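S.K.: Please find one structure pasted underneath; my questions will follow.
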Amino acid sequence: MEKSFLLRIGSNAEKQYVKKMGSLFSGLVVRANYFESAPGMLSALFLKFDSLNPSKGFIIDPVTYVFMLDSKYIRSWQKINGEKSEEKIRKDLHIDVSENVPNEWVRTIQDPTEKQKNKVEIYNIKKAYRKLADSYFTPNMAHEIGKRSLVKEDFSEQDIREFVMKVINYQVQAISTRYDTAKYSDFKAIVPRPLMILSPYFLIRNQSDLDFMERIWKRFDSQYTRDDGAIVVHCAAEFFEINYRSILEVVAKLSKKNIFLWINKFDEKKVSSTQLDGYIKFVSSAYDQGISVTNLYAGGLSSFLFPFGLTGMVNNIGYGLQRDAEPVQGGIPTAQFYIPKLHIRAQVLATYDLLVKNELGGTAKDFYRNVCSCPICKKGIREELSDFISFYGEADYPKSNSESSRKYPTSKALKRCFFHFLFSRLKEYKWAIKASKQEAIDLLDSEIALWRTDKDHLQRMRDALDAIAK
């Protein structure tokens with residue numbers, strides 16, 4: 001089975017990393033809501049990517065799961081002319097004139113600027129999710145999006161059939177429809193298809209959810225007959241731990257031989273031994289049955305699973321090594337350093353303290369040997385560990401509030417951390433796809449011996465892999 005390491009792009013700012021390092025990955029992944037927010041930029045990026053290397057394309061994650069989450073995750077406060085506020089809400093949320101618009105969905109702007117004096121804020125559905133809802137669902141269901149969360153009972157068999165086909169068509173046509181005009185008639189024929197078409201998916205928390213997803217997977221399996229289709233398994237960690245065998249039994253009955261796996265709230269550094277064991281056994285058992293598994297949100301330890309059957313992993317540039325279905329909103333940006341031989345990300349000062357505590361990286365030579373020797377680190381760590389803070393932890397006061405006692409990482413510091421992360425993960429991936437099972441265990445042994453503290457997750461992974469290897 002062909003191995004892959006895909007790069008997920010999640011914002012316009014991350015375009016610079018794709019331009020410089022995207023060709024080193026197997027392909028790009030983008031969430032459909034982000035694609036809808038920047039279709040022109042991303043279409044051009046994917047077309048350029050394809051022209052440079054047609055074997056390295058793109059995948060559009062349909063993110064259908066969001067429509068069963070609390071509606072607050074697809075809505076936001078938006079500024080608009082006060083006279084048009086109710087009209088805008090009614091239009092975007094499909095509210096009939098006979099229904100009242102809740103008063104709490106409209107509020108005055110606190111301390112408005114001169115340009116905002118005639119404006120208010122409305123609690124409206126985000127534009128990208130409005131487009132996706134109208135693209136995916138029947139009109140009756142689409143009209144509910146934003147006002148409430150969808151539930152399993154909303155879907156009849158006919159609704160599932162139409163929903164699945166609409167999600168397939170969205171991915172297949174996402175770029176080609178951008179050129180569906182007379183101006184681009186000749187060009188449209190060479191617009192590339194996605195590398196893979198993903199099934200719709202919702203979070204599986206219990207047996208009822210699994211039964212519902214089985215209906216969707218079966219419909220996807222019968223409606224999308226090409227080999228480049230993939231079943232997306234998005235499952236709560238607690239349910240997956242106990243039911244990974246039955247989940248694999250359901251998927252194994254389908255003709256599709258590709259799984260994109262997302263275990264919700266699964267932090268590989270913190271999960272229990274039994275949860276880690278279930279993940280590894282699922283991957284290994286799937287491989288034995290000829291099924292490829294790609295971790296849609298791979299943690300730092302996932303690279304060790306390639307010798308044991310993992311065939312792909314996906315990482316994003318700008319956030320940690322796992323993702324929850326319900327996103328964390330807001331917060332202050334921090335510079336996070338990826339520690340290769342611990343396979344975790346930590347804030348720069350926390351990383352520095354950890355290295356000092358473990359007496360690692362004190363000199364530049366020791367840093368390159370025991371911490372990291374990527375091009376970014378070699379540029380910044382010239383003499384000793386004290387260089388680490390000034391290079392990766394460079395910070396400044398916010399321009400909007402120079403009196404603030406809190407500093408923010410500079411754009412240079414964030415870029416250095418991101419590029420270091422990408423170099424480090426690529427190095428791990430390229431080693432892992434050629435490694436044997438014993439070599440993976442031996443490397444973990446050497447890393448465990450290197451650290452005095454904070455290494456329990458390495459030991460759990462080592463023991464779990466050793467049990468499978470025997």
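Note on naming: chains are A, B, ... as they come in the structure tokens, residues start from 1 per chain, ligands start from 1 in the order shown.
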Within 8 Å of stretch 292-304 of chain A, counting only C-alpha atoms, which residues show up once you throw out same-chain ones fewer than 5 positions away? Write them as an mmCIF file with C-alpha atoms, in the first residue's frame, please.
M.R.:
```cif
data_model
loop_
_atom_site.group_PDB
_atom_site.id
_atom_site.type_symbol
_atom_site.label_atom_id
_atom_site.label_comp_id
_atom_site.auth_asym_id
_atom_site.auth_seq_id
_atom_site.Cartn_x
_atom_site.Cartn_y
_atom_site.Cartn_z
ATOM 1 C CA MET A 1 0.000 0.000 0.000
ATOM 2 C CA LYS A 257 -10.420 0.009 0.942
ATOM 3 C CA ASN A 258 -9.495 3.429 2.305
ATOM 4 C CA ILE A 259 -10.299 4.786 5.771
ATOM 5 C CA PHE A 260 -9.668 8.323 6.993
ATOM 6 C CA LEU A 261 -9.661 8.054 10.790
ATOM 7 C CA TRP A 262 -10.326 10.855 13.283
ATOM 8 C CA ASP A 267 -4.135 13.342 22.496
ATOM 9 C CA GLU A 268 -1.433 10.723 21.949
ATOM 10 C CA VAL A 283 -4.665 0.220 12.187
ATOM 11 C CA ALA A 286 -7.190 -2.986 8.890
ATOM 12 C CA TYR A 287 -3.831 -3.370 7.140
ATOM 13 C CA GLY A 309 0.184 -0.747 9.054
ATOM 14 C CA LEU A 310 -0.608 2.977 9.039
ATOM 15 C CA THR A 311 -0.592 4.166 5.436
ATOM 16 C CA GLY A 312 -1.101 7.901 5.809
ATOM 17 C CA MET A 313 -1.230 10.849 8.155
ATOM 18 C CA VAL A 314 -2.315 14.484 7.944
ATOM 19 C CA ASN A 315 -0.852 17.433 9.846
ATOM 20 C CA LEU A 321 -1.225 17.370 17.085
ATOM 21 C CA GLN A 322 -4.894 16.576 17.682
ATOM 22 C CA ARG A 323 -8.252 18.271 17.144
ATOM 23 C CA HIS A 343 7.034 14.058 19.671
ATOM 24 C CA ILE A 344 5.058 16.804 21.395
ATOM 25 C CA GLU A 428 10.048 11.464 10.996
ATOM 26 C CA TYR A 429 7.753 10.371 8.166
ATOM 27 C CA ALA A 432 9.165 5.703 9.436
ATOM 28 C CA ALA A 440 10.579 1.585 15.473
ATOM 29 C CA MET A 461 3.721 3.581 22.792
#
```
S.K.: Pick out the residues sitting within 9 Å of A:Leu132, and hand them over as a list of chain:residue names; count only C-alpha atoms, and ignore anything fewer than 4 positions along from it in its own chain.
M.R.: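 Final neighbour list, sorted by chain and number: A:Ala32, A:Asn33, A:Glu36, A:Pro62, A:Thr64, A:Lys127, A:Ala128, A:Tyr136, A:Phe137, A:Tyr170.
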S.K.: Export, as a PDB file, in the first residue's frame, the selected residues with N, CA and C atoms.
M.R.:
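Once written, again23.pdb looks like this:
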```pdb
ATOM      1  N   ALA A  32     -13.689  22.103   3.782  1.00  0.00           N
ATOM      2  CA  ALA A  32     -14.605  22.705   2.806  1.00  0.00           C
ATOM      3  C   ALA A  32     -15.019  24.115   3.200  1.00  0.00           C
ATOM      4  N   ASN A  33     -15.172  24.392   4.493  1.00  0.00           N
ATOM      5  CA  ASN A  33     -15.568  25.749   4.906  1.00  0.00           C
ATOM      6  C   ASN A  33     -14.481  26.761   4.571  1.00  0.00           C
ATOM      7  N   GLU A  36     -14.596  27.395   0.806  1.00  0.00           N
ATOM      8  CA  GLU A  36     -15.665  28.330   0.448  1.00  0.00           C
ATOM      9  C   GLU A  36     -15.306  29.765   0.801  1.00  0.00           C
ATOM     10  N   PRO A  62     -15.092  17.391   3.522  1.00  0.00           N
ATOM     11  CA  PRO A  62     -16.447  17.982   3.486  1.00  0.00           C
ATOM     12  C   PRO A  62     -16.940  18.505   4.835  1.00  0.00           C
ATOM     13  N   THR A  64     -18.812  17.581   7.136  1.00  0.00           N
ATOM     14  CA  THR A  64     -20.258  17.491   7.370  1.00  0.00           C
ATOM     15  C   THR A  64     -20.609  17.387   8.846  1.00  0.00           C
ATOM     16  N   LYS A 127     -20.928  32.737   6.316  1.00  0.00           N
ATOM     17  CA  LYS A 127     -21.189  32.640   4.881  1.00  0.00           C
ATOM     18  C   LYS A 127     -20.769  31.287   4.316  1.00  0.00           C
ATOM     19  N   ALA A 128     -19.605  30.797   4.708  1.00  0.00           N
ATOM     20  CA  ALA A 128     -19.106  29.529   4.171  1.00  0.00           C
ATOM     21  C   ALA A 128     -20.025  28.367   4.536  1.00  0.00           C
ATOM     22  N   TYR A 136     -25.217  20.737   0.386  1.00  0.00           N
ATOM     23  CA  TYR A 136     -25.261  19.362   0.880  1.00  0.00           C
ATOM     24  C   TYR A 136     -26.669  18.804   1.094  1.00  0.00           C
ATOM     25  N   PHE A 137     -27.590  19.637   1.545  1.00  0.00           N
ATOM     26  CA  PHE A 137     -28.842  19.102   2.059  1.00  0.00           C
ATOM     27  C   PHE A 137     -30.046  19.459   1.184  1.00  0.00           C
ATOM     28  N   TYR A 170     -20.086  17.808  -4.588  1.00  0.00           N
ATOM     29  CA  TYR A 170     -19.407  19.021  -4.140  1.00  0.00           C
ATOM     30  C   TYR A 170     -17.893  18.863  -4.269  1.00  0.00           C
TER      31      TYR A 170
END
```
S.K.: Taking the DSSP secondary structure from the backbone, can you list the residues of stretch 58-243 of chain A that are strand (DSSP E), as an MDAnalysis selection string?
M.R.: chainID A and resid 58:61 75:81 106:108 119:125 197:198 229:236
S.K.: Which residue, A:Thr274, A:Ser436, A:Asn370, A:Ser149, has the smallest gap to A:Leu342 when you use only C-alpha atoms?
M.R.: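 With only C-alpha atoms as the atom set, the closest residue is A:Asn370.
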S.K.: Of the candidates A:Lys407, A:Arg205, A:Lys281, A:Lys427, which one gets nearest to A:Cys235 if we count only C-alpha atoms?
M.R.: A:Arg205
S.K.: Select, from A:Arg219, A:His143, A:Lys119, A:Arg148, the residue with the minimum atom-to-atom distance to A:Ser71, counting only C-alpha atoms.
M.R.: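 Ranked by minimum distance to A:Ser71, first place goes to A:Arg148.
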S.K.: Please run DSSP on the backbone and report, as a ChimeraX atom specification, all residues within stretch 90-318 of chain A that come out as helix (DSSP H, G or I).
M.R.: /A:90-93,103-105,114-116,127-136,139-142,152-154,157-173,176-179,182-184,188-190,207-223,237-252,273-288,302-308
S.K.: What does the distance from atom CA of A:Val106 to atom CA of A:Lys131 come to in Å, to one decimal?
M.R.: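 We find that atom CA of A:Val106 and atom CA of A:Lys131 lie 22.2 Å from each other.
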S.K.: Could you list, as a ChimeraX atom specification, every residue within 10 Å of A:Ile9, counting only C-alpha atoms and ignoring same-chain residues fewer than 5 positions away?
M.R.: /A:14-15,17-18,22,28-31,34-35,42,315-318
S.K.: With distances taken over only C-alpha atoms, which of A:Ser4, A:Ser51, A:Asn81, A:Gln459 is nearest to A:Lys269?
M.R.: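 Closest candidate: A:Gln459.
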S.K.: Please determine, counting only C-alpha atoms, which residue among A:Ser390, A:Ile376, A:Asp456, A:Lys365 has the shortest atom-to-atom distance to A:Leu349.
M.R.: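 Closest to A:Leu349, using only C-alpha atoms: A:Ser390.
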S.K.: Which one of A:Asp454, A:Glu241, A:Asp96, A:Glu86 sits closest to A:Glu144 if you count only C-alpha atoms?
M.R.: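 Closest to A:Glu144, using only C-alpha atoms: A:Asp96.
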S.K.: Near A:Met141, within 12 Å and counting only C-alpha atoms, which residues show up once chain neighbours fewer than 6 positions away are dropped, as a JSON list (two decimals) with N, CA and C atoms, in the first residue's frame?
M.R.:
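around-v2.json, written as the output of this step:
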```
[["chain", "number", "residue", "atom", "x", "y", "z"],
["A", 67, "PHE", "N", -22.54, 20.11, 11.21],
["A", 67, "PHE", "CA", -23.96, 20.41, 11.19],
["A", 67, "PHE", "C", -24.74, 19.64, 12.26],
["A", 68, "MET", "N", -24.06, 18.74, 12.99],
["A", 68, "MET", "CA", -24.68, 18.11, 14.14],
["A", 68, "MET", "C", -24.12, 18.65, 15.46],
["A", 93, "LEU", "N", -30.74, 32.79, 7.33],
["A", 93, "LEU", "CA", -31.22, 31.71, 8.18],
["A", 93, "LEU", "C", -32.57, 31.16, 7.74],
["A", 94, "HIS", "N", -33.03, 31.63, 6.59],
["A", 94, "HIS", "CA", -34.29, 31.15, 6.03],
["A", 94, "HIS", "C", -35.44, 31.25, 7.04],
["A", 133, "ALA", "N", -24.24, 24.23, 3.55],
["A", 133, "ALA", "CA", -25.56, 23.67, 3.90],
["A", 133, "ALA", "C", -26.45, 23.60, 2.67],
["A", 134, "ASP", "N", -26.45, 24.66, 1.87],
["A", 134, "ASP", "CA", -27.29, 24.67, 0.67],
["A", 134, "ASP", "C", -26.77, 23.70, -0.39],
["A", 135, "SER", "N", -25.47, 23.40, -0.35],
["A", 135, "SER", "CA", -24.88, 22.47, -1.31],
["A", 135, "SER", "C", -25.13, 21.01, -0.92],
["A", 147, "LYS", "N", -30.23, 27.47, 12.71],
["A", 147, "LYS", "CA", -31.24, 27.66, 13.75],
["A", 147, "LYS", "C", -31.18, 26.56, 14.80],
["A", 148, "ARG", "N", -30.77, 25.38, 14.36],
["A", 148, "ARG", "CA", -30.62, 24.27, 15.30],
["A", 148, "ARG", "C", -29.64, 23.25, 14.72],
["A", 149, "SER", "N", -29.21, 22.32, 15.57],
["A", 149, "SER", "CA", -28.34, 21.25, 15.10],
["A", 149, "SER", "C", -29.19, 20.17, 14.42],
["A", 150, "LEU", "N", -28.64, 19.56, 13.40],
["A", 150, "LEU", "CA", -29.31, 18.41, 12.80],
["A", 150, "LEU", "C", -29.19, 17.21, 13.74],
["A", 151, "VAL", "N", -30.13, 16.29, 13.65],
["A", 151, "VAL", "CA", -30.10, 15.04, 14.41],
["A", 151, "VAL", "C", -30.35, 13.88, 13.46],
["A", 152, "LYS", "N", -30.03, 12.67, 13.90],
["A", 152, "LYS", "CA", -30.16, 11.49, 13.04],
["A", 152, "LYS", "C", -31.58, 11.34, 12.52],
["A", 153, "GLU", "N", -32.55, 11.70, 13.36],
["A", 153, "GLU", "CA", -33.94, 11.50, 12.99],
["A", 153, "GLU", "C", -34.39, 12.41, 11.83],
["A", 154, "ASP", "N", -33.58, 13.40, 11.50],
["A", 154, "ASP", "CA", -33.91, 14.27, 10.36],
["A", 154, "ASP", "C", -33.76, 13.56, 9.02],
["A", 155, "PHE", "N", -33.02, 12.45, 9.00],
["A", 155, "PHE", "CA", -32.63, 11.81, 7.75],
["A", 155, "PHE", "C", -33.49, 10.58, 7.43],
["A", 156, "SER", "N", -34.29, 10.69, 6.41],
["A", 156, "SER", "CA", -34.94, 9.51, 5.85],
["A", 156, "SER", "C", -33.94, 8.84, 4.91],
["A", 159, "ASP", "N", -33.40, 11.10, 2.08],
["A", 159, "ASP", "CA", -32.55, 12.22, 2.46],
["A", 159, "ASP", "C", -31.08, 11.81, 2.46],
["A", 160, "ILE", "N", -30.80, 10.60, 2.98],
["A", 160, "ILE", "CA", -29.41, 10.12, 3.01],
["A", 160, "ILE", "C", -28.88, 9.95, 1.60],
["A", 162, "GLU", "N", -29.79, 11.50, -1.14],
["A", 162, "GLU", "CA", -29.55, 12.80, -1.76],
["A", 162, "GLU", "C", -28.37, 13.51, -1.11],
["A", 163, "PHE", "N", -28.28, 13.42, 0.21],
["A", 163, "PHE", "CA", -27.19, 14.04, 0.96],
["A", 163, "PHE", "C", -25.84, 13.49, 0.51]]
```
S.K.: Just to confirm, what's the straight-line distance from atom CA of A:Leu276 to atom CA of A:Phe220 in Å (one decimal)?
M.R.: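 Going from atom CA of A:Leu276 over to atom CA of A:Phe220, I get 29.1 Å.
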S.K.: I'd like the interatomic distance between atom CA of A:Gly393 and atom CA of A:Thr410, to a tenth of an Å.
M.R.: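 Separation of atom CA of A:Gly393 and atom CA of A:Thr410: 8.2 Å.
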S.K.: Near A:Ile175, within 12 Å and counting only C-alpha atoms, which residues show up once chain neighbours fewer than 6 positions away are dropped, as JSON, numbers by chain?
M.R.: {"A": [32, 35, 36, 38, 39, 40, 41, 42, 43, 44, 45, 46, 47, 58, 59, 60, 169, 187, 188, 189, 190, 191, 192, 193, 194]}
S.K.: For A:Ser55, list every protein, DNA or RNA residue within 10 Å, evaluated using only C-alpha atoms, and leave out those in the same chain fewer than 4 positions away; present the list as a compact mmCIF listing (two decimals) with C-alpha atoms, in the first residue's frame.
M.R.:
```
# COMPACT_ATOMS: atom_id res chain seq x y z
CA SER A 26 2.12 13.83 -0.73
CA GLY A 27 -0.68 16.34 -1.24
CA PHE A 49 0.38 22.31 -7.37
CA ASP A 50 -1.03 19.91 -9.95
CA SER A 51 0.95 21.46 -12.82
CA LEU A 195 -6.84 12.74 -4.97
```
S.K.: Quick one: everything within 12 Å of A:Phe418, counting only C-alpha atoms, minus sequence neighbours fewer than 2 positions away in the same chain. Send it as a PyMOL selection string.
M.R.: chain A and resi 13-14+16-18+21+315-320+334-338+345+376-377+392+411-416+420-425
S.K.: Given the selection you just returned, output its residues as a file containing N, CA and C atoms, formatted as an mmCIF file, in the first residue's frame.
M.R.:
```cif
data_model
loop_
_atom_site.group_PDB
_atom_site.id
_atom_site.type_symbol
_atom_site.label_atom_id
_atom_site.label_comp_id
_atom_site.auth_asym_id
_atom_site.auth_seq_id
_atom_site.Cartn_x
_atom_site.Cartn_y
_atom_site.Cartn_z
ATOM 1 N N ALA A 13 -2.858 32.811 5.559
ATOM 2 C CA ALA A 13 -1.493 33.056 6.008
ATOM 3 C C ALA A 13 -0.594 31.842 5.810
ATOM 4 N N GLU A 14 -1.194 30.654 5.753
ATOM 5 C CA GLU A 14 -0.392 29.432 5.613
ATOM 6 C C GLU A 14 0.010 29.141 4.172
ATOM 7 N N GLN A 16 2.085 30.683 2.393
ATOM 8 C CA GLN A 16 3.527 30.826 2.226
ATOM 9 C C GLN A 16 4.269 29.521 2.520
ATOM 10 N N TYR A 17 3.766 28.732 3.470
ATOM 11 C CA TYR A 17 4.407 27.461 3.807
ATOM 12 C C TYR A 17 4.166 26.424 2.711
ATOM 13 N N VAL A 18 2.958 26.474 2.139
ATOM 14 C CA VAL A 18 2.643 25.554 1.042
ATOM 15 C C VAL A 18 3.527 25.856 -0.161
ATOM 16 N N MET A 21 7.144 24.604 0.906
ATOM 17 C CA MET A 21 7.379 23.219 1.323
ATOM 18 C C MET A 21 6.299 22.241 0.882
ATOM 19 N N ASN A 315 -1.177 16.428 8.829
ATOM 20 C CA ASN A 315 -0.852 17.433 9.846
ATOM 21 C C ASN A 315 -1.173 18.817 9.326
ATOM 22 N N ASN A 316 -1.565 19.678 10.246
ATOM 23 C CA ASN A 316 -1.812 21.077 9.920
ATOM 24 C C ASN A 316 -0.627 21.911 10.380
ATOM 25 N N ILE A 317 -0.416 23.046 9.752
ATOM 26 C CA ILE A 317 0.728 23.890 10.055
ATOM 27 C C ILE A 317 0.578 24.586 11.393
ATOM 28 N N GLY A 318 -0.609 25.131 11.654
ATOM 29 C CA GLY A 318 -0.732 26.110 12.705
ATOM 30 C C GLY A 318 -1.328 25.693 14.024
ATOM 31 N N TYR A 319 -1.644 24.408 14.255
ATOM 32 C CA TYR A 319 -2.162 24.043 15.569
ATOM 33 C C TYR A 319 -1.563 22.715 16.011
ATOM 34 N N GLY A 320 -1.962 22.238 17.172
ATOM 35 C CA GLY A 320 -1.353 21.059 17.762
ATOM 36 C C GLY A 320 -1.602 19.765 17.034
ATOM 37 N N THR A 334 0.239 31.594 20.792
ATOM 38 C CA THR A 334 1.512 31.321 21.455
ATOM 39 C C THR A 334 2.431 30.595 20.490
ATOM 40 N N ALA A 335 3.724 30.826 20.620
ATOM 41 C CA ALA A 335 4.696 30.114 19.801
ATOM 42 C C ALA A 335 4.901 28.727 20.399
ATOM 43 N N GLN A 336 4.663 27.704 19.604
ATOM 44 C CA GLN A 336 4.796 26.328 20.067
ATOM 45 C C GLN A 336 5.978 25.672 19.340
ATOM 46 N N PHE A 337 6.850 25.037 20.114
ATOM 47 C CA PHE A 337 8.021 24.363 19.539
ATOM 48 C C PHE A 337 7.780 22.859 19.541
ATOM 49 N N TYR A 338 7.989 22.220 18.402
ATOM 50 C CA TYR A 338 7.848 20.765 18.322
ATOM 51 C C TYR A 338 9.156 20.128 18.787
ATOM 52 N N ARG A 345 4.364 19.123 21.121
ATOM 53 C CA ARG A 345 4.590 20.552 20.977
ATOM 54 C C ARG A 345 4.344 21.212 22.327
ATOM 55 N N ILE A 376 16.297 25.227 10.374
ATOM 56 C CA ILE A 376 15.846 26.365 11.172
ATOM 57 C C ILE A 376 16.594 26.407 12.499
ATOM 58 N N CYS A 377 16.724 25.257 13.146
ATOM 59 C CA CYS A 377 17.435 25.204 14.425
ATOM 60 C C CYS A 377 18.911 25.536 14.242
ATOM 61 N N TYR A 392 13.330 31.391 18.998
ATOM 62 C CA TYR A 392 11.975 30.854 18.869
ATOM 63 C C TYR A 392 10.956 31.593 19.746
ATOM 64 N N SER A 411 5.799 37.652 14.383
ATOM 65 C CA SER A 411 5.512 36.823 13.206
ATOM 66 C C SER A 411 6.731 35.980 12.838
ATOM 67 N N LYS A 412 7.935 36.527 13.070
ATOM 68 C CA LYS A 412 9.154 35.764 12.776
ATOM 69 C C LYS A 412 9.255 34.526 13.661
ATOM 70 N N ALA A 413 8.935 34.692 14.941
ATOM 71 C CA ALA A 413 9.002 33.563 15.872
ATOM 72 C C ALA A 413 8.010 32.473 15.475
ATOM 73 N N LEU A 414 6.797 32.873 15.112
ATOM 74 C CA LEU A 414 5.783 31.900 14.702
ATOM 75 C C LEU A 414 6.225 31.170 13.433
ATOM 76 N N LYS A 415 6.756 31.903 12.469
ATOM 77 C CA LYS A 415 7.225 31.286 11.228
ATOM 78 C C LYS A 415 8.326 30.273 11.503
ATOM 79 N N ARG A 416 9.261 30.638 12.364
ATOM 80 C CA ARG A 416 10.351 29.717 12.686
ATOM 81 C C ARG A 416 9.822 28.423 13.296
ATOM 82 N N HIS A 420 10.090 24.807 11.424
ATOM 83 C CA HIS A 420 10.754 23.746 12.184
ATOM 84 C C HIS A 420 9.843 22.531 12.334
ATOM 85 N N PHE A 421 8.574 22.783 12.634
ATOM 86 C CA PHE A 421 7.602 21.700 12.782
ATOM 87 C C PHE A 421 7.495 20.878 11.500
ATOM 88 N N LEU A 422 7.380 21.549 10.365
ATOM 89 C CA LEU A 422 7.235 20.845 9.094
ATOM 90 C C LEU A 422 8.481 20.035 8.757
ATOM 91 N N PHE A 423 9.642 20.622 8.943
ATOM 92 C CA PHE A 423 10.889 19.886 8.692
ATOM 93 C C PHE A 423 10.985 18.650 9.584
ATOM 94 N N SER A 424 10.640 18.818 10.852
ATOM 95 C CA SER A 424 10.749 17.717 11.813
ATOM 96 C C SER A 424 9.806 16.577 11.472
ATOM 97 N N ARG A 425 8.555 16.919 11.143
ATOM 98 C CA ARG A 425 7.578 15.875 10.844
ATOM 99 C C ARG A 425 7.901 15.155 9.539
#
```
